[in-house]
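final-v8.pdb (PDB, C-alpha atoms, pLDDT in the B column)
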```
ATOM      1  CA  MET A 185     197.448 175.576-111.000  1.00 65.00           C
ATOM      2  CA  SER A 186     194.718 174.141-108.827  1.00 85.00           C
ATOM      3  CA  ALA A 187     191.507 172.175-108.791  1.00 91.00           C
ATOM      4  CA  GLU A 188     189.829 175.345-110.025  1.00 94.00           C
ATOM      5  CA  SER A 189     192.119 175.752-113.051  1.00 94.00           C
ATOM      6  CA  LEU A 190     191.677 172.083-113.990  1.00 97.00           C
ATOM      7  CA  HIS A 191     187.902 172.449-113.668  1.00 97.00           C
ATOM      8  CA  ALA A 192     187.921 175.614-115.796  1.00 97.00           C
ATOM      9  CA  SER A 193     190.040 173.934-118.487  1.00 97.00           C
ATOM     10  CA  ALA A 194     187.707 170.912-118.609  1.00 98.00           C
ATOM     11  CA  LEU A 195     184.678 173.180-118.940  1.00 98.00           C
ATOM     12  CA  GLU A 196     186.290 175.185-121.720  1.00 97.00           C
ATOM     13  CA  LEU A 197     187.294 172.045-123.634  1.00 97.00           C
ATOM     14  CA  LEU A 198     183.799 170.578-123.446  1.00 98.00           C
ATOM     15  CA  GLU A 199     182.041 173.874-124.197  1.00 97.00           C
ATOM     16  CA  THR A 200     184.102 174.401-127.356  1.00 96.00           C
ATOM     17  CA  TRP A 201     183.934 170.756-128.516  1.00 96.00           C
ATOM     18  CA  SER A 202     181.337 170.203-131.228  1.00 92.00           C
ATOM     19  CA  PRO A 203     180.814 166.479-131.700  1.00 92.00           C
ATOM     20  CA  ALA A 204     178.254 165.177-134.149  1.00 82.00           C
ATOM     21  CA  ALA A 205     174.789 164.567-132.748  1.00 78.00           C
ATOM     22  CA  GLY A 206     174.368 161.224-131.029  1.00 89.00           C
ATOM     23  CA  PRO A 207     176.366 159.457-128.314  1.00 93.00           C
ATOM     24  CA  ASP A 208     179.275 161.954-128.285  1.00 94.00           C
ATOM     25  CA  GLN A 209     176.872 164.886-127.931  1.00 95.00           C
ATOM     26  CA  SER A 210     175.075 163.109-125.062  1.00 95.00           C
ATOM     27  CA  LEU A 211     178.388 162.341-123.362  1.00 96.00           C
ATOM     28  CA  ARG A 212     179.454 165.984-123.727  1.00 97.00           C
ATOM     29  CA  GLU A 213     176.231 167.167-122.064  1.00 96.00           C
ATOM     30  CA  ALA A 214     176.571 164.593-119.258  1.00 96.00           C
ATOM     31  CA  MET A 215     180.170 165.653-118.579  1.00 97.00           C
ATOM     32  CA  LEU A 216     179.179 169.326-118.493  1.00 98.00           C
ATOM     33  CA  ALA A 217     176.389 168.507-116.017  1.00 97.00           C
ATOM     34  CA  PHE A 218     178.843 166.478-113.926  1.00 97.00           C
ATOM     35  CA  LEU A 219     181.306 169.391-113.806  1.00 97.00           C
ATOM     36  CA  GLY A 220     178.455 171.735-112.859  1.00 96.00           C
ATOM     37  CA  SER A 221     177.888 169.691-109.716  1.00 96.00           C
ATOM     38  CA  ALA A 222     181.484 168.713-108.919  1.00 96.00           C
ATOM     39  CA  PRO A 223     183.910 171.617-108.395  1.00 95.00           C
ATOM     40  CA  ARG A 224     186.705 169.145-107.551  1.00 95.00           C
ATOM     41  CA  GLY A 225     185.592 166.632-110.177  1.00 96.00           C
ATOM     42  CA  CYS A 226     188.924 166.741-112.012  1.00 97.00           C
ATOM     43  CA  LEU A 227     190.743 165.197-109.070  1.00 95.00           C
ATOM     44  CA  ARG A 228     191.060 161.536-108.142  1.00 91.00           C
ATOM     45  CA  GLU A 229     189.728 162.301-104.649  1.00 92.00           C
ATOM     46  CA  HIS A 230     186.207 162.776-106.084  1.00 92.00           C
ATOM     47  CA  ALA A 231     185.110 159.172-105.499  1.00 89.00           C
ATOM     48  CA  PRO A 232     181.784 159.186-107.430  1.00 90.00           C
ATOM     49  CA  GLY A 233     183.792 159.852-110.595  1.00 93.00           C
ATOM     50  CA  HIS A 234     186.427 162.168-111.967  1.00 95.00           C
ATOM     51  CA  ILE A 235     187.753 163.686-115.165  1.00 97.00           C
ATOM     52  CA  THR A 236     190.853 161.893-116.426  1.00 97.00           C
ATOM     53  CA  ALA A 237     193.345 162.964-119.080  1.00 98.00           C
ATOM     54  CA  SER A 238     194.008 160.544-121.927  1.00 97.00           C
ATOM     55  CA  ALA A 239     196.354 160.671-124.890  1.00 97.00           C
ATOM     56  CA  VAL A 240     195.880 159.000-128.236  1.00 98.00           C
ATOM     57  CA  VAL A 241     199.567 158.898-129.209  1.00 98.00           C
ATOM     58  CA  LEU A 242     200.020 158.437-132.945  1.00 98.00           C
ATOM     59  CA  SER A 243     203.193 157.795-134.920  1.00 98.00           C
ATOM     60  CA  HIS A 244     204.593 160.716-136.924  1.00 98.00           C
ATOM     61  CA  ASP A 245     202.657 159.590-140.027  1.00 98.00           C
ATOM     62  CA  GLY A 246     199.468 158.573-138.210  1.00 97.00           C
ATOM     63  CA  SER A 247     199.726 154.919-139.268  1.00 98.00           C
ATOM     64  CA  GLU A 248     200.276 153.523-135.756  1.00 98.00           C
ATOM     65  CA  VAL A 249     198.898 154.180-132.285  1.00 98.00           C
ATOM     66  CA  LEU A 250     200.798 153.581-129.053  1.00 98.00           C
ATOM     67  CA  LEU A 251     198.825 151.445-126.598  1.00 97.00           C
ATOM     68  CA  THR A 252     199.513 150.216-123.099  1.00 95.00           C
ATOM     69  CA  LEU A 253     198.406 146.886-121.693  1.00 93.00           C
ATOM     70  CA  HIS A 254     197.008 148.290-118.483  1.00 84.00           C
ATOM     71  CA  PRO A 255     197.640 146.057-115.444  1.00 84.00           C
ATOM     72  CA  ARG A 256     194.397 146.978-113.668  1.00 80.00           C
ATOM     73  CA  VAL A 257     192.117 147.056-116.725  1.00 81.00           C
ATOM     74  CA  GLY A 258     193.714 144.038-118.434  1.00 85.00           C
ATOM     75  CA  ARG A 259     193.197 145.440-121.951  1.00 90.00           C
ATOM     76  CA  TRP A 260     195.077 147.525-124.478  1.00 93.00           C
ATOM     77  CA  ILE A 261     194.127 151.179-123.973  1.00 94.00           C
ATOM     78  CA  GLN A 262     195.442 154.654-124.742  1.00 95.00           C
ATOM     79  CA  LEU A 263     197.904 156.323-122.402  1.00 97.00           C
ATOM     80  CA  GLY A 264     196.661 158.654-119.694  1.00 95.00           C
ATOM     81  CA  GLY A 265     195.612 158.947-116.118  1.00 93.00           C
ATOM     82  CA  HIS A 266     194.567 161.170-113.285  1.00 94.00           C
ATOM     83  CA  CYS A 267     194.903 164.933-113.234  1.00 97.00           C
ATOM     84  CA  GLU A 268     197.060 166.367-110.465  1.00 95.00           C
ATOM     85  CA  GLU A 269     196.648 169.749-108.785  1.00 93.00           C
ATOM     86  CA  SER A 270     200.078 170.682-110.144  1.00 95.00           C
ATOM     87  CA  ASP A 271     198.806 170.303-113.737  1.00 96.00           C
ATOM     88  CA  GLU A 272     198.038 173.614-115.419  1.00 95.00           C
ATOM     89  CA  SER A 273     195.146 172.113-117.394  1.00 97.00           C
ATOM     90  CA  VAL A 274     193.615 168.793-118.410  1.00 98.00           C
ATOM     91  CA  ALA A 275     195.580 169.006-121.676  1.00 98.00           C
ATOM     92  CA  ALA A 276     198.792 169.482-119.680  1.00 97.00           C
ATOM     93  CA  ALA A 277     197.882 166.416-117.592  1.00 98.00           C
ATOM     94  CA  ALA A 278     197.388 164.339-120.762  1.00 98.00           C
ATOM     95  CA  PHE A 279     200.729 165.532-122.128  1.00 98.00           C
ATOM     96  CA  ARG A 280     202.469 164.733-118.807  1.00 97.00           C
ATOM     97  CA  GLU A 281     200.898 161.272-118.699  1.00 96.00           C
ATOM     98  CA  ALA A 282     201.828 160.547-122.340  1.00 97.00           C
ATOM     99  CA  THR A 283     205.428 161.581-121.739  1.00 97.00           C
ATOM    100  CA  GLU A 284     205.727 159.606-118.479  1.00 95.00           C
ATOM    101  CA  GLU A 285     204.055 156.460-119.803  1.00 95.00           C
ATOM    102  CA  SER A 286     205.712 156.415-123.249  1.00 97.00           C
ATOM    103  CA  GLY A 287     209.222 157.530-122.355  1.00 96.00           C
ATOM    104  CA  ILE A 288     209.187 159.511-125.629  1.00 97.00           C
ATOM    105  CA  ALA A 289     210.588 163.039-125.721  1.00 95.00           C
ATOM    106  CA  ASP A 290     209.420 165.763-128.104  1.00 97.00           C
ATOM    107  CA  LEU A 291     205.778 164.714-128.327  1.00 98.00           C
ATOM    108  CA  THR A 292     203.427 167.211-130.008  1.00 98.00           C
ATOM    109  CA  LEU A 293     200.013 167.969-128.506  1.00 98.00           C
ATOM    110  CA  GLU A 294     197.264 168.945-130.952  1.00 97.00           C
ATOM    111  CA  PRO A 295     195.100 171.777-129.579  1.00 95.00           C
ATOM    112  CA  GLY A 296     191.526 171.042-128.581  1.00 95.00           C
ATOM    113  CA  LEU A 297     189.632 167.967-127.529  1.00 96.00           C
ATOM    114  CA  TYR A 298     190.035 164.838-129.653  1.00 96.00           C
ATOM    115  CA  GLY A 299     187.162 162.979-128.011  1.00 96.00           C
ATOM    116  CA  ALA A 300     185.668 161.726-124.766  1.00 97.00           C
ATOM    117  CA  GLN A 301     184.858 158.382-123.163  1.00 95.00           C
ATOM    118  CA  ALA A 302     183.392 157.174-119.856  1.00 94.00           C
ATOM    119  CA  HIS A 303     184.516 153.999-118.084  1.00 89.00           C
ATOM    120  CA  PRO A 304     183.419 152.327-114.848  1.00 88.00           C
ATOM    121  CA  ILE A 305     186.580 151.318-112.989  1.00 83.00           C
ATOM    122  CA  THR A 306     188.049 150.566-109.608  1.00 82.00           C
ATOM    123  CA  CYS A 307     191.081 152.826-109.777  1.00 77.00           C
ATOM    124  CA  SER A 308     193.709 153.610-107.164  1.00 74.00           C
ATOM    125  CA  LEU A 309     190.985 154.811-104.788  1.00 72.00           C
ATOM    126  CA  GLY A 310     190.156 151.138-104.247  1.00 80.00           C
ATOM    127  CA  VAL A 311     186.410 151.672-104.707  1.00 84.00           C
ATOM    128  CA  PRO A 312     184.226 151.530-107.818  1.00 84.00           C
ATOM    129  CA  THR A 313     184.176 154.897-109.579  1.00 85.00           C
ATOM    130  CA  ARG A 314     183.889 156.291-113.088  1.00 91.00           C
ATOM    131  CA  HIS A 315     186.633 157.757-115.253  1.00 92.00           C
ATOM    132  CA  LEU A 316     185.362 160.520-117.501  1.00 96.00           C
ATOM    133  CA  ASP A 317     188.175 160.609-120.054  1.00 96.00           C
ATOM    134  CA  LEU A 318     188.966 163.725-122.031  1.00 98.00           C
ATOM    135  CA  LEU A 319     191.134 162.571-124.939  1.00 98.00           C
ATOM    136  CA  PHE A 320     193.847 164.507-126.717  1.00 98.00           C
ATOM    137  CA  LYS A 321     195.685 163.730-129.926  1.00 98.00           C
ATOM    138  CA  ILE A 322     199.451 163.607-129.511  1.00 98.00           C
ATOM    139  CA  THR A 323     201.966 162.885-132.256  1.00 98.00           C
ATOM    140  CA  ALA A 324     205.326 161.232-131.684  1.00 98.00           C
ATOM    141  CA  PRO A 325     208.441 162.252-133.601  1.00 98.00           C
ATOM    142  CA  LYS A 326     209.732 160.061-136.432  1.00 97.00           C
ATOM    143  CA  ASP A 327     211.506 156.891-135.230  1.00 96.00           C
ATOM    144  CA  ALA A 328     210.218 157.310-131.655  1.00 97.00           C
ATOM    145  CA  VAL A 329     210.980 154.290-129.486  1.00 95.00           C
ATOM    146  CA  PRO A 330     208.668 153.876-126.497  1.00 96.00           C
ATOM    147  CA  VAL A 331     209.998 152.805-123.115  1.00 94.00           C
ATOM    148  CA  ARG A 332     207.563 150.943-120.848  1.00 90.00           C
ATOM    149  CA  SER A 333     207.024 152.498-117.436  1.00 87.00           C
ATOM    150  CA  SER A 334     206.103 150.730-114.210  1.00 83.00           C
ATOM    151  CA  GLU A 335     202.470 151.723-114.896  1.00 81.00           C
ATOM    152  CA  SER A 336     202.198 149.290-117.803  1.00 84.00           C
ATOM    153  CA  THR A 337     202.339 145.531-118.337  1.00 90.00           C
ATOM    154  CA  ASP A 338     203.301 146.091-121.982  1.00 92.00           C
ATOM    155  CA  LEU A 339     203.624 149.040-124.347  1.00 95.00           C
ATOM    156  CA  ARG A 340     203.757 148.904-128.123  1.00 96.00           C
ATOM    157  CA  TRP A 341     202.861 150.475-131.436  1.00 98.00           C
ATOM    158  CA  TRP A 342     199.829 148.997-133.221  1.00 97.00           C
ATOM    159  CA  PRO A 343     198.714 149.662-136.809  1.00 98.00           C
ATOM    160  CA  VAL A 344     195.582 151.841-136.632  1.00 97.00           C
ATOM    161  CA  ASP A 345     193.839 149.313-138.875  1.00 95.00           C
ATOM    162  CA  GLY A 346     195.122 146.293-136.903  1.00 96.00           C
ATOM    163  CA  LEU A 347     194.324 146.875-133.231  1.00 96.00           C
ATOM    164  CA  PRO A 348     194.084 143.931-130.837  1.00 94.00           C
ATOM    165  CA  ALA A 349     190.549 142.538-130.487  1.00 91.00           C
ATOM    166  CA  ASP A 350     190.216 143.668-126.849  1.00 87.00           C
ATOM    167  CA  ALA A 351     191.573 147.198-127.434  1.00 91.00           C
ATOM    168  CA  ASP A 352     189.516 150.044-126.025  1.00 86.00           C
ATOM    169  CA  VAL A 353     190.791 153.110-127.855  1.00 91.00           C
ATOM    170  CA  LEU A 354     188.961 155.862-129.704  1.00 89.00           C
ATOM    171  CA  LEU A 355     190.354 156.532-133.166  1.00 91.00           C
ATOM    172  CA  ARG A 356     188.821 159.149-135.464  1.00 83.00           C
TER
END
```
Once more with this new file: its structure as structure tokens, please.
Amino acid sequence: MSAESLHASALELLETWSPAAGPDQSLREAMLAFLGSAPRGCLREHAPGHITASAVVLSHDGSEVLLTLHPRVGRWIQLGGHCEESDESVAAAAFREATEESGIADLTLEPGLYGAQAHPITCSLGVPTRHLDLLFKITAPKDAVPVRSSESTDLRWWPVDGLPADADVLLR
């Protein structure tokens, strides 16, 4: 577990991801180029930008998605955050973040990359940077009740076909 293992896991995820041609394909190529020039690009310390681990947490039947009202961003977004050197992989970081931020036990991580996004942000570094989100699909057990953490202003289930107008979440 190290910056190198996180970097290798991000490369493998992006190299094996086959999005349709268009914006997702361009984003994939840009992220691969970024990783080619940033050996520590999966860690928050890389101020020009860094890979982050996000989780699209769906209800057991896929009808709802769990979103957090992020205090810094001010919008409803998926769960997730920064990778840590103690994380075995980017997927493990997404799973850790989903568990910490949802308070839900027994989440199930779907293998492979669900999607990717890029966001300009001033994160905990205190300077403008870019989050290069690798997204993972995670399913909650039936009757899961989320518990808001200190990292969230609000946390709730939303119908996948009834998201708030300002939500920024990728649903496929």
List the residues matched by the PyMOL selection byres ((chain A and resi 308-315) around 12) in the displayed structure as number ranges by chain, ordered by chain and then by residue number. A: 215, 218, 225-238, 255-257, 264-267, 300-307, 316-319, 335
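The residue set within 7 Å of region 239-249 of chain A, counting only C-alpha atoms and dropping same-chain residues fewer than 4 places from it, reads Gln262, Leu263, Gly264, Ala278, Ala282, Leu319, Phe320, Lys321, Ile322, Thr323, Ala324, Pro325, Lys326, Trp341, Trp342, Pro343 and Val344 of chain A.
Between CA of Glu188 (chain A) and CA of Ala276 (chain A) there is a distance of 14.4 Å.
Distances to Ala277 (chain A) were evaluated for A:Ser336, A:Leu293, A:Glu213, A:Ala349 using all atoms listed in the file, and the minimum falls at A:Leu293.
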Selection near Leu195 (chain A), 9 Å with only C-alpha atoms, sequence-local residues under 2 positions removed, as a PDB file with C-alpha atoms, in the frame of the given file:
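Contents of the output file selection_28.pdb:
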```
ATOM      1  CA  LEU A 190     191.677 172.083-113.990  1.00 97.00           C
ATOM      2  CA  HIS A 191     187.902 172.449-113.668  1.00 97.00           C
ATOM      3  CA  ALA A 192     187.921 175.614-115.796  1.00 97.00           C
ATOM      4  CA  SER A 193     190.040 173.934-118.487  1.00 97.00           C
ATOM      5  CA  LEU A 197     187.294 172.045-123.634  1.00 97.00           C
ATOM      6  CA  LEU A 198     183.799 170.578-123.446  1.00 98.00           C
ATOM      7  CA  GLU A 199     182.041 173.874-124.197  1.00 97.00           C
ATOM      8  CA  THR A 200     184.102 174.401-127.356  1.00 96.00           C
ATOM      9  CA  MET A 215     180.170 165.653-118.579  1.00 97.00           C
ATOM     10  CA  LEU A 216     179.179 169.326-118.493  1.00 98.00           C
ATOM     11  CA  LEU A 219     181.306 169.391-113.806  1.00 97.00           C
ATOM     12  CA  GLY A 220     178.455 171.735-112.859  1.00 96.00           C
TER      13      GLY A 220
END
```
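Interatomic distance, CA of Glu284 (chain A) against CA of Arg212 (chain A): 27.5 Å.
Rounded to one decimal, CA of Ile288 (chain A) and CA of Val329 (chain A) lie 6.7 Å from each other.
With distances taken over all atoms listed in the file, A:Arg224 is the one residue among A:Leu355, A:Thr292, A:Arg224, A:Pro203 lying closest to Glu269 (chain A).
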Using all atoms listed in the file, the shortest atom-to-atom distance to Arg332 (chain A) among A:Glu285, A:Asp345, A:Asp352, A:Asp208 belongs to A:Glu285
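Distances to Val353 (chain A) were evaluated for A:Val331, A:Val274, A:Leu297, A:Ile261 using all atoms listed in the file, and the minimum falls at A:Ile261.
For the set A:Ala214, A:Ala275, A:Ala351, A:Ala328, the residue with the smallest atom-to-atom gap to Arg259 (chain A) is A:Ala351, counting only C-alpha atoms.
If all atoms listed in the file are the atoms counted, then among A:Ser273, A:Ser286, A:Ser202, A:Ser333 the closest residue to Tyr298 (chain A) is A:Ser202.
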